[in-house]
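Enquirer: Once you've had a glance at the structure underneath, I'll fire off some questions.
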Amino acid sequence: MSKLSKIFTGNIVVSLVAILFGLIVGAIIMLIGGYDPILAYQSLFEQVFGNKYDFGETLREISPLVLTGLAVAFAFRAGLFNIGGEGQFIIGMTAATFIGIKVTGLPAYIHAPLALIVGAVCGGIWAGIAGYLKAARGVNEVITTIMLNWTALYLGNYIVTNFLMKSGMDKSFDIQDSASISIQSLSSFFNDARIHWGMFLSILAAIFFYYFLWKSKQGFELRAVGHNHNAAEYAGMNVGRNVVKAMFISGAFAGLAGAIQILGVFHYQTIMSGTPGTGFDGIAVALIGMNHPFGILLGGSLFGILTYGSAGMSFGADVPPELIRIVIGSIIFFIAAQGIVRWVLKPFYSKRKKEKVL
Amino acid sequence: MSAASPVLELKGITKRFPGIVANDSISLKLNKGEIHALLGENGAGKSTLMNVVFGLYQPEEGTIEMNGQPVLIDNPNKAIDLGIGMVHQHFKLVEPFTVTENIILGMEPKKGINLDYKSATAKIKALSEQYGLKVNPNAKIHDISVGMQQRVEILKTLYRGADVLIFDEPTAVLTPQEITELMEIMRRLVAEGKSIILITHKLKEIMQISDTVTIIRRGKVIDSVITKESSPQELAEKMVGRAVSFKVDKIPATPGSTVLKVDKISSKSKDGIAVLDELSFTLRAGEILGVAGVDGNGQSELIEALTGLRKIDSGSIELLGEQVANLSPRQISEHGVSHIPEDRHKHGLVLDFSMKENMVLETYYKKPYNKRGFLNYDAITKQAKRLIELFDVRTPSLDTLARSLSGGNQQKAIIAREIDKNPDLLIAAQPTRGLDVGAIEFVQKQLVAQRDQNKAVLLISFELDEIMNVSDRIIVIYEGRIVGEVYPEKTNDQELGLMMAGSTVGGKSHE
């Protein structure tokens, strides 16, 4: 509980102020560019909350961001920097597509979970490679995960091209209906927005993250290794195994994110010329969420809302949607440079303290 | 006492940090040609005070005067300009550079656009001779001994024209012989008109060298006395605030059966240098075996080998008749070995874990703390509470991060955890390093208590006094070998010091 309260007291103020500052920076740039920031932000929120369809689509946007955010945060809690969410995401996509297309004759309640699990496990193994290299050979995981991103991109393209390609098109066959995780009833409620089980999975993943890391024996080891691997080793923990385990679980979150995109949203996989970016966005989400699972649920939501709402900004106020990346970048800047935020907040805090004394 | 105004005078220095007053109206007078010792426990405020003098902190109240003139020292460069020099406990030297290069670093003499090494070297040589430092200006730092490195630090302050030298725990890293030499140098310095502030908690050195002593406790000056008119007993009482005993009270040991038998173990470093070289000894139940030696002669590697952190290439380690060489740390721990590590921050604690998490750092996977893969926080809290009360660890709460505890309390927590494992063998590496007199007394008592419960205790320490006071038997380690074995009541500092320097005179060779 104390961890939770810490997130929701001292630090949350910093996060909220950083978000506010980010929005202000965006507004200033809009003013310089001759746009109306108030109208722009108004259109942004109208786009998200204006009707059921768009709200449903925003929820769809949020789920994978939460999962890749969890991936980055989990590794971080174990003292590792997983930059490879991107690659693990692609591997998760590809594995889910493969199972979704090639496995036939299974009932939906087996086929869909199987595809999800294989997607997550393959993402985990992909990250586990970097973990193993670090544990066995001391290779820095930042380097290997970045390299594995590109390896994953071309491996994914290769698999789609050679095994799953719909002839004459740049994409794979559609997955079997039994592998889909779309929720028809909810989708029709949201006017055919692509609602799927991934939304609930991402919430479950955050809860799992919390309990595993702070309540379980294995989480204790992972945190000990993350904070001080010397003391962990001395206390009899196997540091190498924990590094691999942490990377595996981290990669599994990212792999699951990829799998839900295929099974819930697209139902097929395209040949990609570049990486999709969701894995990298996870770094930002983890940062906004202070590497805490419940913070990440909020951070992912914010990120999803801003991203999806940016389309509304360009319709309603003619603001280029790329501008929202400036806002997100500024938010990250202010969270990373907390000193600035605290400095601005200082007068408020000291005033409050004085009142207490009186 | 001279009638002239003191070289350095602190008047009512008060420095506050959030929540505590580190220095509470401290006044101190340093006369010319005097060695003034600053005595106090850890956290008493000695370092804060010296950081104020050296310009790293600004005091809230009080003034500093030099030769009767008030001065404002707001950064270290100002302090150096005013002739204040500091010899830090941890040397600040660039290892691959020569002595000269290190000394001129930051104020390099120029000749045109070139560095003027020649005149610098000459100047350093002259200074070195004047004060009897015997430093070779052209030697590289990594080629010279720790004692020499310290002299380079001293030269550095002299080169910058220091008249007031502050020594921060200067003897912590030296051998007994080097300590004697350092004392000579300090006497020479004051004879040449310098003044010295000596920060230490070693009473023996204060008695030997200082003229006056100022005792600080909890940020306040307790007393300033003339050393000759005082006694170690009196100083210690003033420092701690109660009577302390220096002699470790213990009955003669009654060693029982062999617990640990180390036979010709060898291990190489990454560079292929033999760090353990056919090292052998035995340790019996109910005795404290002290391992004396100068830092870096294989002590750390020996501990690593015994605790499973280092693989040995040959030899055997038998614990209660069972072979434990090259087992994992956890397997060795489960064979009944506890270990108070040398570096408590690096190996002993996870500083960002709460106290209660740290108390089960080695046992978390066992019942009752582990309940079907989940941590049983009730049991953990209960255990932590018990240990913390039993060993009087002062912590605001069980959820406090280990980081925010004082060194003494951190060490108490580790000792509580290790002793509670009820080990057959307790390895204590530098267990009192950086602790104050009160905490040292506590730790040493615990070691003796373990021995009296018929446990085997291996004590590795660089402090000769500790080895002599606590051990029942002493072995001396030098370059990865045991070079001698002596009994504390039949030896003295001189003999041990010689053995620690590699000479086997006096001690019978182990083989």
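Convention: chains lettered A, B, ... in structure tokens order; per-chain residue numbering from 1; ligands numbered from 1 as shown.
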Using only C-alpha atoms, which residues of region 173-255 of chain A come within 9 Å of region 288-294 of chain A, and what is the closest atom pair for each, with the distance in Å to one decimal? Give it as a tab-separated table, sorted by chain and residue number.

Expert:
```
residue	atom	partner	partner_atom	distance
A:Ile203	CA	A:Phe294	CA	8.9
A:Ala205	CA	A:Pro293	CA	8.5
A:Ala206	CA	A:Pro293	CA	5.0
A:Ile207	CA	A:Pro293	CA	7.2
A:Phe208	CA	A:Pro293	CA	8.9
A:Phe209	CA	A:Pro293	CA	6.4
A:Tyr210	CA	A:Pro293	CA	6.2
```

Enquirer: Please produce a file of the residues just selected, as an mmCIF file, in the first residue's frame, where the atoms kept are N, CA and C atoms.

Expert:
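That gives us part.cif:
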```
data_model
loop_
_atom_site.group_PDB
_atom_site.id
_atom_site.type_symbol
_atom_site.label_atom_id
_atom_site.label_comp_id
_atom_site.auth_asym_id
_atom_site.auth_seq_id
_atom_site.Cartn_x
_atom_site.Cartn_y
_atom_site.Cartn_z
ATOM 1 N N ILE A 203 -5.618 -4.608 -18.613
ATOM 2 C CA ILE A 203 -5.878 -4.299 -17.195
ATOM 3 C C ILE A 203 -5.416 -5.460 -16.322
ATOM 4 N N ALA A 205 -3.108 -7.524 -17.049
ATOM 5 C CA ALA A 205 -1.644 -7.541 -17.073
ATOM 6 C C ALA A 205 -1.082 -6.572 -16.041
ATOM 7 N N ALA A 206 -1.724 -5.409 -15.910
ATOM 8 C CA ALA A 206 -1.256 -4.424 -14.923
ATOM 9 C C ALA A 206 -1.415 -4.974 -13.511
ATOM 10 N N ILE A 207 -2.535 -5.669 -13.269
ATOM 11 C CA ILE A 207 -2.761 -6.246 -11.938
ATOM 12 C C ILE A 207 -1.743 -7.352 -11.677
ATOM 13 N N PHE A 208 -1.513 -8.176 -12.700
ATOM 14 C CA PHE A 208 -0.503 -9.226 -12.581
ATOM 15 C C PHE A 208 0.855 -8.616 -12.244
ATOM 16 N N PHE A 209 1.223 -7.581 -12.983
ATOM 17 C CA PHE A 209 2.482 -6.865 -12.776
ATOM 18 C C PHE A 209 2.619 -6.502 -11.301
ATOM 19 N N TYR A 210 1.557 -5.879 -10.760
ATOM 20 C CA TYR A 210 1.612 -5.407 -9.383
ATOM 21 C C TYR A 210 1.808 -6.566 -8.411
#
```

Enquirer: Find the residues in chain B near chain A: any atom within 8 Å counts, using only C-alpha atoms. Write them as a ChimeraX atom specification.

Expert: /B:309,328-331,333,346-353,361-362,364-365,370,373-375

Enquirer: Name the residues in contact with region 239-243 of chain A at a cut-off of 6 Å, using only C-alpha atoms, excluding same-chain residues fewer than 3 positions from it; report them as a list in words.

Expert: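 So the residues in contact are Gly131, Ala135, Leu222, Glu233 and Ala246 of chain A.
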
Enquirer: Write out as a list in words the residues lying within 6 Å of region 114-124 of chain A, counting only C-alpha atoms and excluding same-chain residues fewer than 6 positions away.

Expert: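 Residues meeting the cut-off are Gln88, Ile91, Gly92, Ala95, Ala96, Ile99, Phe248, Ile249, Gly251, Ala252, Gly255, Leu256 and Ala259 of chain A.
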
Enquirer: Convert the current residue selection to file output with N, CA and C atoms, as a CSV table (one decimal), in the first residue's frame.

Expert:
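The resulting again-v5.csv:
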```csv
chain,number,residue,atom,x,y,z
A,88,GLN,N,9.8,-7.1,-30.0
A,88,GLN,CA,9.0,-8.1,-29.3
A,88,GLN,C,7.5,-8.0,-29.7
A,91,ILE,N,7.3,-9.6,-33.1
A,91,ILE,CA,7.3,-11.1,-33.0
A,91,ILE,C,6.0,-11.6,-32.5
A,92,GLY,N,5.4,-10.9,-31.5
A,92,GLY,CA,4.1,-11.3,-31.0
A,92,GLY,C,3.0,-11.2,-32.1
A,95,ALA,N,3.7,-14.2,-34.5
A,95,ALA,CA,3.3,-15.5,-34.0
A,95,ALA,C,1.8,-15.7,-33.9
A,96,ALA,N,1.1,-14.6,-33.5
A,96,ALA,CA,-0.3,-14.7,-33.4
A,96,ALA,C,-0.9,-14.9,-34.8
A,99,ILE,N,-0.4,-18.6,-35.9
A,99,ILE,CA,-1.3,-19.5,-35.2
A,99,ILE,C,-2.7,-19.2,-35.7
A,248,PHE,N,12.2,-12.0,-20.1
A,248,PHE,CA,11.1,-12.8,-20.7
A,248,PHE,C,9.8,-12.2,-20.4
A,249,ILE,N,9.5,-11.9,-19.1
A,249,ILE,CA,8.2,-11.4,-18.8
A,249,ILE,C,8.0,-10.0,-19.4
A,251,GLY,N,9.2,-9.0,-22.3
A,251,GLY,CA,9.0,-9.3,-23.7
A,251,GLY,C,7.6,-9.9,-23.9
A,252,ALA,N,7.1,-10.7,-22.9
A,252,ALA,CA,5.8,-11.3,-23.0
A,252,ALA,C,4.7,-10.2,-23.1
A,255,GLY,N,4.9,-8.8,-26.5
A,255,GLY,CA,4.4,-9.7,-27.5
A,255,GLY,C,2.9,-9.8,-27.4
A,256,LEU,N,2.3,-9.8,-26.2
A,256,LEU,CA,0.9,-9.8,-26.1
A,256,LEU,C,0.3,-8.6,-26.7
A,259,ALA,N,0.1,-9.3,-30.3
A,259,ALA,CA,-0.9,-10.3,-30.6
A,259,ALA,C,-2.3,-9.7,-30.6
```

Enquirer: To one decimal place in Å, what is the distance between CA of Ala112 (chain A) and CA of Ile159 (chain A)?

Expert: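 Taking CA of Ala112 (chain A) and CA of Ile159 (chain A), their separation equals 20.2 Å.
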
Enquirer: Near Thr381 (chain B), within 12 Å and counting only C-alpha atoms, which residues show up once chain neighbours fewer than 6 positions away are dropped, as a PyMOL selection string?

Expert: chain B and resi 354-360+364+368-369+375+387-388+397-399

Enquirer: So which residues of region 235-469 of chain B fall under strand (DSSP E or B) by DSSP, listed as a count of residues only?

Expert: 55

Enquirer: Would you list the contacts of Glu237 (chain B) as a ChimeraX atom specification, taking every protein, DNA or RNA residue within 12 Å and counting only C-alpha atoms, but skipping same-chain residues closer than 4 positions in sequence?

Expert: /B:39-41,203,215-217,222-223,230-233,241-246,437-438

Enquirer: Can you spit out the residues from that selection as a PDB file, in the first residue's frame, using C-alpha atoms?

Expert:
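Contents of the output file selection11.pdb:
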```
ATOM      1  CA  LEU B  39      37.103  13.681  17.738  1.00  0.00           C
ATOM      2  CA  GLY B  40      33.578  12.421  17.358  1.00  0.00           C
ATOM      3  CA  GLU B  41      31.427   9.480  16.429  1.00  0.00           C
ATOM      4  CA  LEU B 203      41.991   7.556  20.368  1.00  0.00           C
ATOM      5  CA  ILE B 215      35.219  16.523  21.086  1.00  0.00           C
ATOM      6  CA  ILE B 216      31.983  16.804  19.159  1.00  0.00           C
ATOM      7  CA  ARG B 217      28.830  14.908  19.947  1.00  0.00           C
ATOM      8  CA  ILE B 222      31.375  18.807  24.292  1.00  0.00           C
ATOM      9  CA  ASP B 223      34.799  19.959  25.344  1.00  0.00           C
ATOM     10  CA  SER B 230      43.512  13.978  29.324  1.00  0.00           C
ATOM     11  CA  SER B 231      43.292  10.208  28.966  1.00  0.00           C
ATOM     12  CA  PRO B 232      41.822   7.898  26.321  1.00  0.00           C
ATOM     13  CA  GLN B 233      39.200   6.843  28.819  1.00  0.00           C
ATOM     14  CA  GLY B 241      28.461  10.183  26.380  1.00  0.00           C
ATOM     15  CA  ARG B 242      28.895   7.207  28.653  1.00  0.00           C
ATOM     16  CA  ALA B 243      31.648   4.961  29.963  1.00  0.00           C
ATOM     17  CA  VAL B 244      33.030   2.535  27.382  1.00  0.00           C
ATOM     18  CA  SER B 245      35.352  -0.375  27.734  1.00  0.00           C
ATOM     19  CA  PHE B 246      38.160  -0.797  25.243  1.00  0.00           C
ATOM     20  CA  VAL B 437      33.007   3.526  19.477  1.00  0.00           C
ATOM     21  CA  GLY B 438      29.590   2.556  20.823  1.00  0.00           C
TER      22      GLY B 438
END
```

Enquirer: In Å, rounded to a single decimal, give me how far CA of Asp493 (chain B) is from CA of Ala292 (chain B).

Expert: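 Computing it gives 10.9 Å between the two atoms.
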
Enquirer: List the neighbours of Gly480 (chain B) out to 10 Å using only C-alpha atoms; skip same-chain residues closer than 5 positions along the sequence, and give me the result as a PyMOL selection string.

Expert: chain B and resi 265-267+274-279+296-299+301-302

Enquirer: Tell me, in Å to one decimal, how far CA of Trp126 (chain A) is from CA of Val160 (chain A).

Expert: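 Interatomic distance, CA of Trp126 (chain A) to CA of Val160 (chain A): 17.6 Å.
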
Enquirer: Point out the residue among B:Asp420, B:Glu34, B:Glu318, B:Glu234 with the least atom-to-atom distance to Lys264 (chain B), counting only C-alpha atoms.

Expert: B:Glu318
